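All remarks here apply to the structure that follows.
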Amino acid sequence: MIVGIGTDLIVIDRFRDMLQRRPGLAERLLTPLERTLSIESQAARFSAKEAFAKALGSPGGMRWLDCEVVKNDDGVPRFVNTGTVAARVAELGVGRIHLSISHDGGFATTMVVCEA
């Protein structure tokens with residue numbers, strides 16, 4: 001059963017400008033590993049977190065750093081959840097999370113489907 005669906009779209013240049021205008025913002029949004037990636041991949045990771053939050057019902061109190069986007073050995077992206085995000089996933093009974101990420105032409109887009 002589908003518990004939630006979330007999508008997001010980010011303009012990569014706008015994301016870059018936001019990070020430059022607000023020192024320390026990257027440290028609040030992206031994990032240390034995510035911050036080592038290209039700006040395109042960073043924007044895509046943040047877009048994935050936004051889509052995931054929407055799929056989880058956008059509850060207040062979730063921390064961005066409690067969710068990290070990693071790739072498996074085949075390059076397929078997935079979430080690693082801890083703390084507040086893991087608690088929300090458990091609360092909703094989410095057993096499977098589907099994540100699709102793409103970035104091209106100055107945009108990053110993602111889709112997340114949560115299943116129970």
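Going through the structure tokens in order, the chains are called A, B, and so on, while each chain numbers its residues from 1 and the ligands are numbered from 1 in the order shown.
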
Taking 5 positions as the minimum chain separation for residues in the same chain, which residues sit within 7 Å of Ile97 (chain A) when counting only C-alpha atoms? Answer as a ChimeraX atom specification. /A:112-115

Any chance you could export the current selection's C-alpha atoms as a PDB file, in the first residue's frame?
ATOM      1  CA  VAL A 112       9.773   9.391  -3.787  1.00  0.00           C
ATOM      2  CA  VAL A 113       7.162   6.717  -3.143  1.00  0.00           C
ATOM      3  CA  CYS A 114       6.767   5.246   0.355  1.00  0.00           C
ATOM      4  CA  GLU A 115       5.096   1.861   0.771  1.00  0.00           C
TER       5      GLU A 115
END

All helix (DSSP H, G or I) residues (DSSP, backbone) inside chain A, as number ranges by chain: A: 12-21, 25-29, 32-35, 39-55, 64-66, 83-92

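Checking A:Leu92, A:Ala86, A:Leu37, A:Val69 one by one against Glu50 (chain A), counting only C-alpha atoms, you find the shortest gap at A:Val69.
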
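The shell of residues at most 8 Å from region 83-85 of chain A, with only C-alpha atoms counted and near chain neighbours (fewer than 6 positions) removed, consists of Gly61, Met62, Arg63, Asp66 and Cys67 of chain A.
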
Would you mind exporting C-alpha atoms of the selected residues as a CSV table (one decimal), in the first residue's frame?
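File written: selection38.csv
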chain,number,residue,atom,x,y,z
A,61,GLY,CA,10.6,18.6,13.6
A,62,MET,CA,12.4,16.4,11.1
A,63,ARG,CA,16.1,17.2,10.8
A,66,ASP,CA,18.8,12.6,9.8
A,67,CYS,CA,18.4,11.6,6.2

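Neighbouring residues of region 6-19 of chain A at 7 Å or closer, counting only C-alpha atoms and skipping chain neighbours under 5 positions away, are Leu25, Ala26, Ile39, Glu40, Ala43, Ser47, Glu50, Ala51, Phe52, Lys54, Ala55, Gly106, Phe107, Ala108, Thr109, Thr110, Met111, Val112 and Val113 of chain A.
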
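In this model, the gap between CA of Lys49 (chain A) and CA of Trp64 (chain A) comes to 7.2 Å.
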
Can you list every residue in chain A that DSSP puts in strand (DSSP E or B), as number ranges by chain? A: 2-11, 67-71, 77-81, 96-104, 107-115

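Those residues that approach Arg45 (chain A) to within 8 Å, counting only C-alpha atoms, are Leu30, Glu34, Ser41, Gln42, Ala48, Lys49, Glu68 and Val69 of chain A; same-chain residues fewer than 3 positions away are not listed.
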
Expected file contents, prior selection, N, CA and C atoms, as a compact mmCIF listing (two decimals), in the first residue's frame:
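Saved result, result-v1.txt, follows:
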# COMPACT_ATOMS: atom_id res chain seq x y z
N LEU A 30 22.89 19.26 4.33
CA LEU A 30 23.58 18.13 3.70
C LEU A 30 24.58 17.51 4.66
N GLU A 34 27.55 14.16 1.57
CA GLU A 34 26.80 14.84 0.51
C GLU A 34 27.48 16.15 0.11
N SER A 41 24.89 17.40 -7.86
CA SER A 41 24.52 16.27 -7.01
C SER A 41 24.03 16.73 -5.64
N GLN A 42 24.60 17.82 -5.13
CA GLN A 42 24.11 18.37 -3.86
C GLN A 42 22.67 18.84 -4.01
N ALA A 48 15.83 15.44 -3.20
CA ALA A 48 15.36 14.14 -2.73
C ALA A 48 14.83 14.24 -1.30
N LYS A 49 15.52 14.98 -0.45
CA LYS A 49 15.07 15.15 0.92
C LYS A 49 13.75 15.90 0.98
N GLU A 68 20.18 10.77 4.71
CA GLU A 68 21.30 10.90 3.77
C GLU A 68 20.98 10.09 2.52
N VAL A 69 21.30 10.66 1.37
CA VAL A 69 21.13 9.95 0.10
C VAL A 69 22.47 9.33 -0.27

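Going from CA of Ile101 (chain A) to CA of Pro77 (chain A) covers 7.5 Å.
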
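Near Arg78 (chain A), within a cut-off of 7 Å and counting only C-alpha atoms, sit the residues Val69, Val70, Lys71, Val76, Val80 and Leu99 of chain A, with same-chain residues fewer than 2 positions away left out.
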
Please compute the CA of Thr36 (chain A)-CA of Asp104 (chain A) distance, one decimal, in Å. 19.2 Å
